[in-house]
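Reviewing the structure listed below.
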Amino acid sequence: MSKMPLFFIAVVAIIIVAASFRFVQQRRQNAENDAAPLMQRSVLVATKRETPTNDRRSRQRQVTPVEDTMRYEIWFRPQSGGLDLKMRVTAEQYHSMSVGDAGTLQYKGTRFVGFVPQ
């Protein structure tokens with residue numbers, strides 16, 4: 001009983017490898033966004049979505065009230081055609097745009113920089 005079971009060690013190793021992989025992936029994406037050139041594209045605001053980001057467990061939600069933490073996402077449809085671009089934005093940016101607005105989208109890689117309405 002003094003030795004750790006091999007199964008427990010394998011599970012911990014898998015968790016560490018998965019966490020390390022995710023950390024490296026996020027750092028690589030940030031580096032690619034920083035190195036990407038500033039792109040501008042004429043777009044229409046196609047869809048907006050706000051979703052609550054609640055990382056609490058069910059028991060914590062019952063004991064304490066839920067905070068108003070939201071995630072804001074906007075889909076932009078290029079006017080020249082092509083696939084919609086999904087960008088995560090701040091609350092102020094989200095509320096300043098309406099579905100159907102036309103303008104110029106500025107972005108670096110997958111990072112939203114700005115939206116200039118026409």
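In the structure tokens, chains take letters A, B, ... by order of appearance, with residues numbered from 1 within each chain and ligands from 1 in the order shown.
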Problem set entry | Residues near Ala35 in chain A, cut-off 10 Å, only C-alpha atoms, skip fewer than 5 positions along chain, as a PyMOL selection string | chain A and resi 29-30+108-109
How about saving the chosen residues, N, CA and C atoms kept, as an mmCIF file, in the first residue's frame?
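Okay, result39.cif is ready:
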```
data_model
loop_
_atom_site.group_PDB
_atom_site.id
_atom_site.type_symbol
_atom_site.label_atom_id
_atom_site.label_comp_id
_atom_site.auth_asym_id
_atom_site.auth_seq_id
_atom_site.Cartn_x
_atom_site.Cartn_y
_atom_site.Cartn_z
ATOM 1 N N GLN A 29 -0.625 30.675 -30.440
ATOM 2 C CA GLN A 29 -1.669 31.487 -31.065
ATOM 3 C C GLN A 29 -1.446 32.971 -30.771
ATOM 4 N N ASN A 30 -1.077 33.309 -29.539
ATOM 5 C CA ASN A 30 -0.795 34.705 -29.200
ATOM 6 C C ASN A 30 0.395 35.232 -29.987
ATOM 7 N N LYS A 108 -5.951 41.264 -36.492
ATOM 8 C CA LYS A 108 -4.603 40.707 -36.608
ATOM 9 C C LYS A 108 -4.708 39.225 -36.299
ATOM 10 N N GLY A 109 -4.570 38.385 -37.307
ATOM 11 C CA GLY A 109 -4.713 36.948 -37.097
ATOM 12 C C GLY A 109 -6.139 36.624 -36.710
#
```
For this session: Find the spatial neighbours of Thr47 in chain A, counting only C-alpha atoms, within a cut-off of 6 Å - ignore same-chain residues fewer than 4 positions away - and output them as a PyMOL selection string.
Result: chain A and resi 74-75+99
The selected residues should be written to file as a PDB file, in the first residue's frame (atoms: all heavy atoms).
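File written: selection_4.pdb
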```pdb
ATOM      1  N   ILE A  74     -19.056  38.205 -32.111  1.00  0.00           N
ATOM      2  CA  ILE A  74     -19.730  38.784 -33.274  1.00  0.00           C
ATOM      3  C   ILE A  74     -19.214  38.083 -34.519  1.00  0.00           C
ATOM      4  O   ILE A  74     -18.021  37.849 -34.661  1.00  0.00           O
ATOM      5  CB  ILE A  74     -19.482  40.302 -33.375  1.00  0.00           C
ATOM      6  CG1 ILE A  74     -20.032  41.007 -32.135  1.00  0.00           C
ATOM      7  CG2 ILE A  74     -20.113  40.867 -34.635  1.00  0.00           C
ATOM      8  CD1 ILE A  74     -19.847  42.500 -32.133  1.00  0.00           C
ATOM      9  N   TRP A  75     -20.137  37.735 -35.421  1.00  0.00           N
ATOM     10  CA  TRP A  75     -19.783  37.142 -36.708  1.00  0.00           C
ATOM     11  C   TRP A  75     -19.887  38.236 -37.769  1.00  0.00           C
ATOM     12  O   TRP A  75     -20.913  38.914 -37.884  1.00  0.00           O
ATOM     13  CB  TRP A  75     -20.726  36.001 -37.072  1.00  0.00           C
ATOM     14  CG  TRP A  75     -20.389  34.726 -36.412  1.00  0.00           C
ATOM     15  CD1 TRP A  75     -19.640  33.708 -36.927  1.00  0.00           C
ATOM     16  CD2 TRP A  75     -20.769  34.295 -35.111  1.00  0.00           C
ATOM     17  NE1 TRP A  75     -19.544  32.686 -36.024  1.00  0.00           N
ATOM     18  CE2 TRP A  75     -20.230  33.026 -34.897  1.00  0.00           C
ATOM     19  CE3 TRP A  75     -21.515  34.880 -34.090  1.00  0.00           C
ATOM     20  CZ2 TRP A  75     -20.408  32.326 -33.712  1.00  0.00           C
ATOM     21  CZ3 TRP A  75     -21.689  34.189 -32.910  1.00  0.00           C
ATOM     22  CH2 TRP A  75     -21.137  32.920 -32.737  1.00  0.00           C
ATOM     23  N   VAL A  99     -26.715  44.215 -35.652  1.00  0.00           N
ATOM     24  CA  VAL A  99     -26.757  43.285 -36.784  1.00  0.00           C
ATOM     25  C   VAL A  99     -27.166  44.066 -38.026  1.00  0.00           C
ATOM     26  O   VAL A  99     -28.119  44.843 -38.004  1.00  0.00           O
ATOM     27  CB  VAL A  99     -27.748  42.134 -36.506  1.00  0.00           C
ATOM     28  CG1 VAL A  99     -27.917  41.260 -37.727  1.00  0.00           C
ATOM     29  CG2 VAL A  99     -27.278  41.320 -35.321  1.00  0.00           C
TER      30      VAL A  99
END
```
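Pairwise distance (CA of Tyr107 in chain A, CA of Phe21 in chain A) equals 25.9 Å.
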Problem set entry | Backbone DSSP call of helix (DSSP H, G or I) for range 1-99 of chain A, listed as a ChimeraX atom specification | /A:6-35,58-63,91-96
Could the residues in this selection be saved with C-alpha atoms as a JSON list (two decimals), in the first residue's frame?
```
[["chain", "number", "residue", "atom", "x", "y", "z"],
["A", 6, "LEU", "CA", 0.38, 2.72, -11.65],
["A", 7, "PHE", "CA", -3.07, 3.80, -12.87],
["A", 8, "PHE", "CA", -3.03, 6.93, -10.69],
["A", 9, "ILE", "CA", 0.43, 7.90, -11.95],
["A", 10, "ALA", "CA", -0.70, 7.41, -15.57],
["A", 11, "VAL", "CA", -3.78, 9.62, -15.06],
["A", 12, "VAL", "CA", -1.71, 12.40, -13.49],
["A", 13, "ALA", "CA", 0.82, 12.17, -16.33],
["A", 14, "ILE", "CA", -1.95, 12.44, -18.95],
["A", 15, "ILE", "CA", -3.41, 15.49, -17.20],
["A", 16, "ILE", "CA", 0.01, 17.18, -17.08],
["A", 17, "VAL", "CA", 0.68, 16.46, -20.76],
["A", 18, "ALA", "CA", -2.76, 17.76, -21.80],
["A", 19, "ALA", "CA", -2.37, 20.94, -19.74],
["A", 20, "SER", "CA", 1.10, 21.55, -21.14],
["A", 21, "PHE", "CA", -0.14, 21.04, -24.70],
["A", 22, "ARG", "CA", -2.98, 23.56, -24.19],
["A", 23, "PHE", "CA", -0.60, 26.11, -22.63],
["A", 24, "VAL", "CA", 1.84, 25.84, -25.55],
["A", 25, "GLN", "CA", -1.03, 26.06, -28.05],
["A", 26, "GLN", "CA", -2.32, 29.30, -26.46],
["A", 27, "ARG", "CA", 1.17, 30.84, -26.42],
["A", 28, "ARG", "CA", 1.68, 29.92, -30.08],
["A", 29, "GLN", "CA", -1.67, 31.49, -31.07],
["A", 30, "ASN", "CA", -0.80, 34.70, -29.20],
["A", 31, "ALA", "CA", 2.61, 34.85, -30.91],
["A", 32, "GLU", "CA", 0.99, 34.32, -34.34],
["A", 33, "ASN", "CA", -1.54, 37.10, -33.64],
["A", 34, "ASP", "CA", 1.23, 39.47, -32.55],
["A", 35, "ALA", "CA", 3.28, 38.74, -35.70],
["A", 58, "SER", "CA", -23.34, 23.37, -9.38],
["A", 59, "ARG", "CA", -22.98, 23.52, -5.58],
["A", 60, "GLN", "CA", -21.21, 26.87, -5.74],
["A", 61, "ARG", "CA", -24.02, 28.28, -7.90],
["A", 62, "GLN", "CA", -26.58, 27.26, -5.28],
["A", 63, "VAL", "CA", -24.72, 28.81, -2.35],
["A", 91, "ALA", "CA", -18.91, 44.51, -23.89],
["A", 92, "GLU", "CA", -18.50, 48.11, -25.11],
["A", 93, "GLN", "CA", -17.60, 46.98, -28.63],
["A", 94, "TYR", "CA", -20.46, 44.46, -28.63],
["A", 95, "HIS", "CA", -23.09, 47.01, -27.65],
["A", 96, "SER", "CA", -21.82, 49.64, -30.12]]
```
Would you list, as a CSV table (one decimal) with C-alpha atoms, in the first residue's frame, the residues of chain A that end up in strand (DSSP E) under DSSP run on this structure's backbone?
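As a result, part_30.csv now contains:
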```csv
chain,number,residue,atom,x,y,z
A,39,MET,CA,-5.8,43.3,-42.0
A,40,GLN,CA,-8.8,45.4,-43.1
A,41,ARG,CA,-11.9,44.0,-44.8
A,42,SER,CA,-15.3,45.5,-45.7
A,43,VAL,CA,-17.9,43.5,-43.8
A,44,LEU,CA,-21.4,43.3,-42.5
A,45,VAL,CA,-22.3,42.4,-38.9
A,46,ALA,CA,-24.0,39.1,-39.5
A,47,THR,CA,-24.8,37.8,-36.0
A,48,LYS,CA,-24.1,38.7,-32.4
A,49,ARG,CA,-24.1,36.4,-29.4
A,50,GLU,CA,-23.5,36.9,-25.7
A,51,THR,CA,-23.2,33.9,-23.4
A,52,PRO,CA,-22.6,33.7,-19.7
A,70,MET,CA,-20.4,37.4,-20.2
A,71,ARG,CA,-18.6,36.4,-23.3
A,72,TYR,CA,-19.3,38.5,-26.4
A,73,GLU,CA,-18.9,37.2,-29.9
A,74,ILE,CA,-19.7,38.8,-33.3
A,75,TRP,CA,-19.8,37.1,-36.7
A,76,PHE,CA,-18.8,39.4,-39.6
A,77,ARG,CA,-19.7,38.5,-43.2
A,78,PRO,CA,-17.3,39.8,-45.8
A,85,LEU,CA,-15.3,35.7,-39.4
A,86,LYS,CA,-16.0,35.1,-35.7
A,87,MET,CA,-14.4,37.6,-33.3
A,88,ARG,CA,-14.5,37.8,-29.5
A,89,VAL,CA,-15.1,41.4,-28.4
A,102,ALA,CA,-21.7,47.7,-42.6
A,103,GLY,CA,-18.1,48.9,-42.1
A,104,THR,CA,-14.4,48.0,-42.1
A,105,LEU,CA,-13.2,45.2,-39.8
A,106,GLN,CA,-9.6,45.5,-38.6
A,107,TYR,CA,-8.0,42.3,-37.2
A,108,LYS,CA,-4.6,40.7,-36.6
A,111,ARG,CA,-7.6,39.0,-32.7
A,112,PHE,CA,-10.2,41.7,-33.1
A,113,VAL,CA,-8.6,45.2,-33.4
A,114,GLY,CA,-11.6,47.4,-34.4
A,115,PHE,CA,-14.6,48.1,-36.4
A,116,VAL,CA,-15.2,51.4,-38.3
A,117,PRO,CA,-18.8,51.8,-39.4
```
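Our summary of the geometry notes that CA of Thr69 in chain A is positioned 11.3 Å from CA of Thr90 in chain A.
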